[in-house]
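One file, run-v1.cif, carrying mmCIF, C-alpha atoms:
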data_upload
#
loop_
_atom_site.label_atom_id
_atom_site.label_comp_id
_atom_site.auth_asym_id
_atom_site.auth_seq_id
_atom_site.Cartn_x
_atom_site.Cartn_y
_atom_site.Cartn_z
CA MET A 309 43.86 58.72 2.61
CA THR A 310 47.60 59.19 3.16
CA PHE A 311 49.03 61.75 0.77
CA ALA A 312 52.37 63.35 -0.06
CA PHE A 313 53.46 66.53 -1.84
CA ILE A 314 56.16 66.67 -4.51
CA PHE A 315 57.77 69.82 -5.91
CA PRO A 316 58.92 70.21 -9.54
CA GLY A 317 62.28 71.56 -10.59
CA GLN A 318 63.83 73.22 -13.60
CA GLY A 319 62.03 72.51 -16.87
CA SER A 320 58.46 73.03 -15.64
CA GLN A 321 58.61 76.82 -15.95
CA SER A 322 56.57 78.79 -18.48
CA VAL A 323 55.77 82.43 -19.09
CA GLY A 324 52.44 83.25 -17.45
CA MET A 325 52.56 80.37 -15.00
CA GLN A 326 50.45 80.91 -11.88
CA GLU A 327 48.48 83.91 -13.20
CA ASN A 328 45.23 82.08 -12.48
CA LEU A 329 46.31 81.07 -8.99
CA ALA A 330 47.61 84.56 -8.23
CA ALA A 331 44.31 86.15 -9.27
CA ASP A 332 42.43 84.23 -6.57
CA HIS A 333 45.10 83.90 -3.88
CA PRO A 334 46.94 87.11 -2.87
CA ILE A 335 49.51 85.01 -1.00
CA VAL A 336 50.92 84.00 -4.40
CA ARG A 337 51.84 87.59 -5.30
CA GLU A 338 53.10 88.18 -1.78
CA THR A 339 55.46 85.21 -2.14
CA TYR A 340 56.83 86.62 -5.40
CA GLU A 341 57.29 89.99 -3.71
CA GLU A 342 59.33 88.33 -0.97
CA ALA A 343 61.48 86.65 -3.63
CA SER A 344 61.91 89.97 -5.46
CA ASP A 345 63.08 91.60 -2.25
CA ALA A 346 65.70 88.87 -1.79
CA LEU A 347 66.93 89.04 -5.38
CA GLY A 348 66.68 92.73 -6.15
CA PHE A 349 64.47 92.47 -9.25
CA ASP A 350 60.76 91.95 -10.00
CA MET A 351 60.39 88.18 -10.15
CA TYR A 352 56.64 88.24 -10.80
CA SER A 353 56.99 90.49 -13.86
CA LEU A 354 59.58 88.12 -15.31
CA VAL A 355 57.34 85.11 -14.73
CA LYS A 356 54.21 86.88 -15.98
CA ASP A 357 55.61 88.64 -19.03
CA GLY A 358 58.91 86.96 -19.88
CA PRO A 359 60.65 87.00 -22.23
CA LYS A 360 60.88 83.21 -22.28
CA GLU A 361 64.60 83.27 -23.07
CA THR A 362 65.29 85.24 -19.88
CA LEU A 363 63.04 83.07 -17.72
CA ASP A 364 64.73 79.96 -19.12
CA GLU A 365 68.20 81.10 -18.04
CA THR A 366 69.30 78.83 -15.21
CA VAL A 367 70.01 81.73 -12.86
CA ASN A 368 66.40 82.90 -13.24
CA THR A 369 64.63 79.56 -13.62
CA GLN A 370 65.87 78.12 -10.34
CA PRO A 371 64.65 80.93 -8.03
CA ALA A 372 61.46 81.25 -10.12
CA MET A 373 60.57 77.59 -9.67
CA LEU A 374 61.39 77.69 -5.96
CA THR A 375 59.09 80.70 -5.62
CA ALA A 376 56.33 79.05 -7.66
CA GLY A 377 56.44 75.93 -5.50
CA ILE A 378 56.27 77.86 -2.23
CA ALA A 379 53.54 80.19 -3.56
CA THR A 380 51.44 77.12 -4.35
CA TRP A 381 52.21 75.57 -0.97
CA ARG A 382 51.16 78.73 0.85
CA ALA A 383 47.94 78.93 -1.18
CA TRP A 384 47.21 75.33 -0.18
CA GLN A 385 47.83 76.08 3.48
CA GLN A 386 45.82 79.31 3.45
CA SER A 387 42.91 77.49 1.81
CA GLY A 388 42.79 75.02 4.69
CA GLY A 389 44.58 72.13 3.02
CA ASP A 390 45.70 69.29 5.27
CA THR A 391 49.39 68.66 5.99
CA PRO A 392 50.88 65.87 3.86
CA ALA A 393 52.48 62.85 5.49
CA MET A 394 55.73 63.52 3.65
CA ILE A 395 57.19 65.69 0.91
CA ALA A 396 59.98 65.57 -1.65
CA GLY A 397 61.31 67.56 -4.59
CA HIS A 398 62.88 66.64 -7.91
CA SER A 399 66.34 68.19 -8.26
CA LEU A 400 65.88 71.93 -7.58
CA GLY A 401 62.42 71.10 -6.21
CA GLU A 402 64.08 69.61 -3.16
CA TYR A 403 64.77 73.15 -1.95
CA SER A 404 61.04 73.88 -2.18
CA ALA A 405 60.38 70.76 -0.11
CA LEU A 406 62.87 71.88 2.55
CA VAL A 407 61.22 75.31 2.79
CA ALA A 408 57.73 73.79 2.96
CA SER A 409 58.86 71.46 5.75
CA GLY A 410 60.06 74.39 7.85
CA ALA A 411 63.70 73.30 7.53
CA LEU A 412 64.78 76.48 5.67
CA PRO A 413 63.39 80.04 5.59
CA PHE A 414 62.11 81.04 2.16
CA HIS A 415 63.84 84.44 1.93
CA ASP A 416 67.30 82.96 2.60
CA THR A 417 66.68 80.00 0.29
CA VAL A 418 65.80 82.19 -2.71
CA SER A 419 69.25 83.77 -2.49
CA LEU A 420 70.91 80.37 -1.92
CA VAL A 421 69.21 78.88 -4.98
CA ARG A 422 70.21 81.84 -7.14
CA LYS A 423 73.83 81.30 -6.08
CA ARG A 424 73.46 77.55 -6.75
CA ALA A 425 72.35 78.36 -10.29
CA GLU A 426 75.29 80.73 -10.84
CA LEU A 427 77.76 78.12 -9.61
CA MET A 428 76.24 75.46 -11.86
CA GLN A 429 76.31 77.78 -14.87
CA ASP A 430 79.94 78.70 -14.23
CA ALA A 431 81.14 75.13 -13.60
CA VAL A 432 81.01 74.16 -17.28
CA PRO A 433 81.55 76.66 -20.12
CA ALA A 434 78.50 77.36 -22.29
CA GLY A 435 78.10 74.82 -25.07
CA GLU A 436 80.39 72.21 -23.50
CA GLY A 437 77.88 70.42 -21.27
CA ALA A 438 74.94 68.28 -22.35
CA MET A 439 72.07 66.16 -21.09
CA ALA A 440 70.02 63.51 -22.88
CA ALA A 441 66.99 61.34 -22.17
CA ILE A 442 67.31 57.60 -22.69
CA ILE A 443 63.98 55.79 -22.98
CA GLY A 444 63.42 52.07 -23.24
CA LEU A 445 66.52 50.70 -21.50
CA ASP A 446 66.78 49.48 -17.92
CA ASP A 447 69.09 51.25 -15.49
CA GLU A 448 71.88 48.70 -15.83
CA ALA A 449 71.93 49.01 -19.64
CA VAL A 450 72.15 52.80 -19.43
CA ILE A 451 74.97 52.61 -16.89
CA GLU A 452 76.82 50.17 -19.14
CA ALA A 453 76.37 52.52 -22.11
CA CYS A 454 77.74 55.37 -19.98
CA GLN A 455 80.83 53.30 -19.17
CA MET A 456 81.45 52.60 -22.85
CA ALA A 457 80.93 56.23 -23.81
CA SER A 458 83.28 57.45 -21.09
CA GLU A 459 86.22 56.73 -23.39
CA ASN A 460 85.03 59.69 -25.47
CA GLY A 461 84.06 62.06 -22.65
CA VAL A 462 82.05 62.33 -19.46
CA ALA A 463 78.73 60.45 -19.60
CA GLU A 464 76.86 59.61 -16.39
CA ALA A 465 73.35 58.68 -15.28
CA ALA A 466 71.88 61.84 -13.71
CA ASN A 467 68.16 61.22 -13.15
CA PHE A 468 66.59 57.82 -12.57
CA ASN A 469 63.11 59.14 -13.35
CA THR A 470 61.08 55.99 -14.01
CA PRO A 471 61.80 52.37 -14.90
CA GLY A 472 62.92 52.72 -18.50
CA GLN A 473 63.57 56.48 -18.42
CA VAL A 474 66.99 57.74 -17.39
CA VAL A 475 68.44 61.18 -18.03
CA VAL A 476 72.19 61.28 -18.56
CA ALA A 477 74.61 64.19 -18.23
CA GLY A 478 78.20 64.99 -19.11
CA ASP A 479 80.20 66.86 -21.69
CA LYS A 480 78.94 67.12 -25.25
CA SER A 481 81.26 64.52 -26.78
CA GLY A 482 80.53 61.99 -24.05
CA ILE A 483 76.75 62.37 -24.35
CA GLU A 484 76.84 62.22 -28.16
CA SER A 485 78.77 58.97 -27.86
CA LEU A 486 76.39 57.65 -25.22
CA ILE A 487 73.39 58.25 -27.49
CA GLU A 488 75.01 56.04 -30.13
CA PHE A 489 75.70 53.26 -27.62
CA ALA A 490 72.16 53.51 -26.20
CA GLN A 491 70.61 53.27 -29.65
CA ALA A 492 72.78 50.25 -30.45
CA ALA A 493 71.62 48.66 -27.18
CA GLY A 494 67.96 49.00 -28.24
CA ALA A 495 66.77 52.24 -26.68
CA ARG A 496 63.38 53.35 -28.05
CA ARG A 497 64.52 56.96 -27.91
CA ALA A 498 67.82 58.62 -27.10
CA MET A 499 67.67 62.36 -27.52
CA MET A 500 69.55 65.47 -26.52
CA LEU A 501 67.74 67.83 -24.15
CA ALA A 502 67.72 71.62 -24.48
CA VAL A 503 69.95 71.95 -21.40
CA SER A 504 73.56 73.09 -21.37
CA VAL A 505 74.27 72.58 -17.66
CA PRO A 506 75.05 68.90 -16.95
CA ALA A 507 73.28 68.80 -13.59
CA HIS A 508 73.74 65.89 -11.17
CA SER A 509 76.98 64.75 -12.79
CA SER A 510 80.58 64.83 -11.59
CA LEU A 511 81.09 67.97 -13.70
CA MET A 512 79.09 69.79 -11.02
CA ARG A 513 81.43 68.73 -8.20
CA SER A 514 83.29 72.07 -8.17
CA ALA A 515 79.93 73.86 -7.90
CA GLY A 516 78.93 71.51 -5.11
CA GLU A 517 82.13 72.10 -3.16
CA THR A 518 81.63 75.88 -3.26
CA LEU A 519 77.92 75.49 -2.50
CA ALA A 520 78.82 73.34 0.51
CA ALA A 521 80.19 76.34 2.38
CA LEU A 522 76.98 78.29 1.75
CA ILE A 523 74.85 75.35 2.85
CA GLN A 524 76.88 75.04 6.06
CA GLU A 525 76.08 78.68 6.81
CA SER A 526 72.36 78.33 5.97
CA PRO A 527 69.91 78.36 8.90
CA PHE A 528 68.63 74.78 8.74
CA SER A 529 66.11 73.57 11.33
CA ASP A 530 64.67 70.13 11.95
CA PRO A 531 61.71 69.68 9.56
CA THR A 532 58.12 69.59 10.80
CA ILE A 533 57.17 67.29 7.89
CA THR A 534 59.14 64.23 6.77
CA VAL A 535 61.28 65.10 3.72
CA ILE A 536 62.53 62.34 1.42
CA SER A 537 66.00 62.93 -0.03
CA SER A 538 66.40 62.54 -3.79
CA VAL A 539 70.01 61.48 -3.26
CA ASP A 540 69.01 58.07 -1.90
CA GLY A 541 65.24 58.04 -1.52
CA MET A 542 65.36 57.97 2.27
CA PRO A 543 64.00 60.43 4.86
CA TYR A 544 66.21 63.15 6.30
CA THR A 545 66.76 62.70 10.02
CA GLY A 546 67.34 66.34 10.94
CA ALA A 547 69.12 69.59 10.17
CA GLU A 548 72.68 68.24 10.13
CA ASP A 549 71.69 65.33 7.91
CA MET A 550 70.13 67.82 5.52
CA ARG A 551 73.32 69.86 5.37
CA ALA A 552 75.38 66.76 4.62
CA ARG A 553 73.21 65.33 1.86
CA MET A 554 72.31 68.64 0.22
CA GLN A 555 75.99 69.40 -0.26
CA ALA A 556 76.25 66.34 -2.52
CA GLN A 557 72.85 66.80 -4.16
CA VAL A 558 73.99 69.01 -7.04
CA TYR A 559 76.45 66.39 -8.37
CA SER A 560 74.62 63.21 -7.27
CA PRO A 561 72.01 61.40 -9.41
CA VAL A 562 68.34 62.09 -8.69
CA ARG A 563 66.89 58.75 -7.58
CA TRP A 564 63.25 59.62 -8.18
CA VAL A 565 62.10 56.02 -8.46
CA ASN A 566 63.50 55.39 -4.97
CA VAL A 567 61.66 58.45 -3.63
CA ILE A 568 58.26 57.34 -4.94
CA ASN A 569 58.82 53.72 -3.95
CA HIS A 570 59.66 54.80 -0.40
CA MET A 571 56.50 56.87 -0.21
CA GLN A 572 54.38 53.99 -1.44
CA ALA A 573 56.02 51.55 0.99
CA SER A 574 55.29 54.05 3.80
CA GLY A 575 51.57 53.96 3.06
CA VAL A 576 51.20 56.93 0.72
CA ASN A 577 48.40 56.30 -1.79
CA SER A 578 47.96 59.82 -3.21
CA ILE A 579 50.58 62.30 -4.42
CA ILE A 580 50.05 65.97 -5.30
CA GLU A 581 52.45 67.90 -7.52
CA CYS A 582 52.78 71.34 -5.92
CA GLY A 583 53.68 73.90 -8.54
CA PRO A 584 53.57 74.57 -12.29
CA GLY A 585 53.36 71.76 -14.79
CA LYS A 586 52.52 68.08 -14.65
CA VAL A 587 55.88 66.46 -15.32
CA LEU A 588 56.26 64.75 -11.95
CA ALA A 589 52.68 63.50 -11.93
CA GLY A 590 53.43 61.72 -15.19
CA LEU A 591 56.55 60.14 -13.69
CA VAL A 592 54.61 58.92 -10.65
CA ARG A 593 52.03 57.25 -12.91
CA ARG A 594 54.78 55.37 -14.72
CA ILE A 595 56.47 54.31 -11.48
CA ASP A 596 53.37 53.06 -9.62
CA ARG A 597 49.86 53.21 -11.08
CA SER A 598 48.33 52.30 -7.72
CA ILE A 599 49.08 55.85 -6.50
CA SER A 600 46.52 58.52 -7.40
CA VAL A 601 48.01 61.78 -8.61
CA ALA A 602 46.90 65.41 -8.83
CA CYS A 603 48.52 68.71 -9.82
CA ILE A 604 48.02 72.21 -8.45
CA ASP A 605 48.47 74.57 -11.38
CA SER A 606 45.25 76.60 -11.06
CA THR A 607 42.57 77.57 -8.55
CA VAL A 608 40.25 74.82 -9.80
CA ALA A 609 43.05 72.26 -9.56
CA LEU A 610 43.81 73.39 -6.01
CA GLN A 611 40.22 72.81 -4.94
CA THR A 612 40.07 69.49 -6.76
CA ALA A 613 43.23 68.30 -5.02
CA MET A 614 41.87 69.37 -1.62
CA ASN A 615 38.63 67.52 -2.26
CA GLY A 616 40.52 64.45 -3.37
CA VAL A 617 42.55 64.01 -0.20
CA SER A 618 39.65 64.81 2.12
CA GLU A 619 37.43 62.05 0.75
#
Show the structure stored in the file as structure tokens.
Amino acid sequence: MTFAFIFPGQGSQSVGMQENLAADHPIVRETYEEASDALGFDMYSLVKDGPKETLDETVNTQPAMLTAGIATWRAWQQSGGDTPAMIAGHSLGEYSALVASGALPFHDTVSLVRKRAELMQDAVPAGEGAMAAIIGLDDEAVIEACQMASENGVAEAANFNTPGQVVVAGDKSGIESLIEFAQAAGARRAMMLAVSVPAHSSLMRSAGETLAALIQESPFSDPTITVISSVDGMPYTGAEDMRARMQAQVYSPVRWVNVINHMQASGVNSIIECGPGKVLAGLVRRIDRSISVACIDSTVALQTAMNGVSE
């Protein structure tokens, strides 16, 4: 069986996540301690006890989800799990994929991701940005609705998650207008998301330009596992390619359908979501039902996933 790992991003966090895994795998707590050392506060206490409102702040969610993904990855490795043929991450999760591949050191990346979150939060004043999910329209129809809504504000396709599910981002007036156009075009659902930072839109370009300097200074290495870029769904070719594409990642659409299609075309027939939640597993099922999926969100799930790929 040829399998791949995928890492979730912002939105899959929850208070108490990974308590079960941490109880059985000391490496999980050790990973949180390493993150705490980089950030200067107790990351595990925040994840374990909350409050939810604090964990859900972008500046905390992003390093927390990076840490959760790498803690799970290390538990997999320490348990004797095989190395996947390739890996990828959705949005923020791409940083987890880069660390897991050996392309970036974890300690440095926790600080980089925290700065990324601060830049994204500062790029658009609170309450002015918006994101929405459009379900039941093809990509072209959503893009056309974005173009029509652009007369009223910024409205752009941000995440091509599955055929028929696109997340859009922009300023509040543009996204409100887009929802109306999408509903008129026949969307089954068009709803605002509880997100104020319009990630993967042109409104993040200023954040991306500042982040670019930090990425240039980051100690990238050539990966030991093939990493698929969410910017275009193609493999990175090395450290310099990673620097170039990751600079644009924060304001470029997430082409998740392309990522999964590339994996399938490369022979992958099983995909494991490495980290809290099951959001990405659900997306994979809707993209290609021929691919088997599993999630690692507990000790039992870890063992089940290991058994599944060793059969």
For A:Pro584, which residue out of A:Gly472, A:Gly358, A:Gly317, A:Gly478 is the nearest one, using all atoms listed in the file?
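For A:Pro584, the nearest of the candidates is A:Gly317.
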Hey, what's within 10 Å of A:Leu427 if we count only C-alpha atoms and toss same-chain stuff fewer than 4 positions away? As a list of chain:residue names, please?
A:Val367, A:Val421, A:Arg422, A:Lys423, A:Ala431, A:Val432, A:Met512, A:Ser514, A:Ala515, A:Gly516, A:Glu517, A:Thr518, A:Leu519
So which residues touch A:Val323 within 7 Å, counting only C-alpha atoms, skipping near sequence neighbours fewer than 3 positions away, as an mmCIF file with C-alpha atoms, keeping the file's coordinate frame?
data_model
loop_
_atom_site.group_PDB
_atom_site.id
_atom_site.type_symbol
_atom_site.label_atom_id
_atom_site.label_comp_id
_atom_site.auth_asym_id
_atom_site.auth_seq_id
_atom_site.Cartn_x
_atom_site.Cartn_y
_atom_site.Cartn_z
ATOM 1 C CA VAL A 355 57.340 85.110 -14.730
ATOM 2 C CA LYS A 356 54.210 86.880 -15.980
ATOM 3 C CA ASP A 357 55.610 88.640 -19.030
ATOM 4 C CA GLY A 358 58.910 86.960 -19.880
ATOM 5 C CA LYS A 360 60.880 83.210 -22.280
#
Here is a test: counting all atoms listed in the file, which residue of A:Val576, A:Val567, A:Ala343, A:Ile314 is nearest to A:Ser409?
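The closest residue to A:Ser409 is A:Ile314.
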Which residue out of A:Gly435, A:Gly546, A:Gly388, A:Gly590 has the minimum interatomic distance to A:Lys480 when all atoms listed in the file are used?
A:Gly435
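Our summary of the geometry notes that atom CA of A:Ser320 is positioned 18.4 Å from atom CA of A:Ala438.
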Written as a list in words, which residues does the PyMOL selection byres ((chain A and resi 335) around 9) give for the file shown?
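So the PyMOL selection byres ((chain A and resi 335) around 9) ends up selecting Ala330, His333, Pro334, Val336, Arg337, Glu338, Thr339, Tyr340, Ala379, Thr380, Arg382, Ala383 and Gln386 of chain A.
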